[in-house]
Amino acid sequence: VADPVITLTTDFGPGSPYVAAMKGVILGINPRARILDLGHSVPPQDLRHAAYFLQNAIPFFPPGMIHVVVVDPGVGTERAILYVCVAGHQLLVPDNGCWTGLADDLTNGLTVIRLTEPAYWRSPVSWTFHGRDILASAAAHLSLGLDPGKLGVRAGEWARLETPGPQWQARGVAGAVIFVDDFGNLITNLPADASEKLPPGARVVRVGESNVRPAWVNTYGQAAAGDLVALTSSSGTLEIAVVQGSAARRLGARIGSEVMVTVE
Amino acid sequence: VADPVITLTTDFGPGSPYVAAMKGVILGINPRARILDLGHSVPPQDLRHAAYFLQNAIPFFPPGMIHVVVVDPGVGTERAILYVCVAGHQLLVPDNGCWTGLADDLTNGLTVIRLTEPAYWRSPVSWTFHGRDILASAAAHLSLGLDPGKLGVRAGEWARLETPGPQWQARGVAGAVIFVDDFGNLITNLPADASEKLPPGARVVRVGESNVRPAWVNTYGQAAAGDLVALTSSSGTLEIAVVQGSAARRLGARIGSEVMVTVE
Amino acid sequence: VADPVITLTTDFGPGSPYVAAMKGVILGINPRARILDLGHSVPPQDLRHAAYFLQNAIPFFPPGMIHVVVVDPGVGTERAILYVCVAGHQLLVPDNGCWTGLADDLTNGLTVIRLTEPAYWRSPVSWTFHGRDILASAAAHLSLGLDPGKLGVRAGEWARLETPGPQWQARGVAGAVIFVDDFGNLITNLPADASEKLPPGARVVRVGESNVRPAWVNTYGQAAAGDLVALTSSSGTLEIAVVQGSAARRLGARIGSEVMVTVE
């Protein structure tokens, strides 16, 4: 069988030794672990960014792999650290809700364990780097075949990060930007076919304070460079983009910016 | 034998889940694949940057490895996706020419196949993320030992990205910046010995609008911090650099900026 | 046994093909090598950043692994390239002192070899890319089981990068910022308990030109977003941070900025 895979997703950025320290801890416990970077440029403490990232990355992995997530504004406080198994995907994650959207998307069984067993942590545990001292260590032990139940106790509740759904109105539908990718494309929580469900008339999209009339296309190449377009994102919702440009910069938008599609 | 290697080169940037999704797709098809990041910071849709990147990375790999390249302004349009085997290096790449400079550099046999067989793709294929739905998936199948011929049909033509060569004149030679690295060093398409081939006299280098007189050195440490120098780049052409600084910033240069070496 | 691990730490940045070329060279020599990125965003030629990075990453790895470090302002000059084995950690590193702090932290045996044997290098060696032509190549040969003694000759001296310790005064202690992480947290060389060792009175921290009165906490979550705090860093020294913000930006601080804790 293939050696076990542990993936890493953090907001540590590219310049600090924190990710490297986690890799060292993992290999110190399980030298056969295959470590895979998913991304370390989640904006600092940005749980909504992390939530979208996980929802659009983890489901593509085969079940059984171990995913360590360190976006952790509450490090060192009373917030718990969780082992989550959802549809076979195993996560180690601070209890801040960044994983609950992922679990809502998946229909299979859910197991949540609160980590309480320090035998699987480094000692002493620093106040500010549980990624290294608890999460990486526990992940490595899991990758050796440890029964997840040994990590702690079943959890009955946990923090949730709610993403409100779109609001339908007579002549429009209101939602928000839920992700901005590195191209500056704006991923919204509006259904991709929102426009088709509205009454006849010209479509106006409001993003933050801007009212725009994007071309409704299937893909970027169907419009000219610099054109503002609306299309179905690769995650299936409505996306606002500038062809070979940045809609985020053009429209001054970011995660949380209001988006509304209306009929004139 | 070693498990198969699949490398990834994209313009997706460090913050989005797109690269992670591709990794998941690959491991879902071939859990033994060894995934290697080459780089995800090709500037968005910058085919010239991608071309130089590939020319200066792929030839150093041993033959037989699989290289997935996703710099794809035409995603979802009629542009093809190609399997290319050149000198034993296997690439999966959109048909936009970013690989043709690499092939021109290598003298061995060339096989080009246009991907037409959806059995090796994810289904449905999104309009905007062929990296995940076609390229990563096909690469993973190849890594399992699939005959590349099963992916599609032999292609007889493909897009080319031409890089014009240097223009020799009586008292100088004109070319362009073909790459800017993260130090801000300017890699040109001029031969490293351009200066030696010119008639006697003081050398002036024009980069864009700036006329400069660099020190002609073998390496950065032969001049002082802040000095402008001309030297042989690690790819063998003429490079303009600022010691412990950025020539790109100093001279306002980027890919495509004209460079001319003349004799006064 | 597990396949050998080679880690890479450079200042090449994310956009250039230099790291990719090194990976190709390694796999060309040892197709079984497991290549692990530690970080490629050390600021250009910043030896102090690299030194802290190594001190806070390498000790977490198990002994026996091979760590390639390419932060190399002196590339192509007479500066040596070293094989260092300290407490079982094997490094290949330019002789510029960025590793000596790491070695000072570890008490076990130290072996230093100056690379002189071109049989383990690529040929020809470029003037400006020893990372590819010497360090990656030598690392790959080591990973095949080569006796390190074959790489060259024992070195009796090498460059050192000195980090002056804190200076105690009657009513305070003076030191410096030794690292700035990607959150903008300022890691100092002052002992974490500096404040406790001073006489009674209100504590003032001067960072560069700013006098501040941080909250003294155990972890970020004990203060409000935006608050300036002082705490024990994950490396054990005094850290100045802004909760969910950047102390580096707030205080205009960077590596080398003076830090002083005094009693009013």
# chains A, B, ... in the order shown; residues from 1 in each chain; ligands from 1
>>> select_by_dssp(residues="range 3-239 of chain B", states="strand (DSSP E)", output="MDAnalysis selection string")
chainID B and resid 5:10 34:39 66:70 81:86 89:94 110:115 152:154 167:169 172:180 186:191 203:207 210:212 215:216 228:232 237:239
>>> interface_residues(of="chain B", to="chain A", cutoff="12 Å", atoms="only C-alpha atoms", output="PyMOL selection string")
chain B and resi 2-4+10-37+40-46+71-79+122+124-133+136-137
>>> select_by_dssp(residues="range 62-184 of chain A", states="alpha helix (DSSP H)", output="list in words")
Thr100, Gly101, Leu102, Ala103, Asp104, Asp105, His130, Ala136, Ser137, Ala138, Ala139, Ala140, His141, Leu142 and Ser143 of chain A
>>> residues_around(residues="range 85-99 of chain B", least_positions_apart="4", cutoff="7 Å", atoms="only C-alpha atoms", output="count of residues only")
30
>>> atom_distance(atom1="CA of Leu144 in chain C", atom2="CA of Gly145 in chain B")
26.1 Å
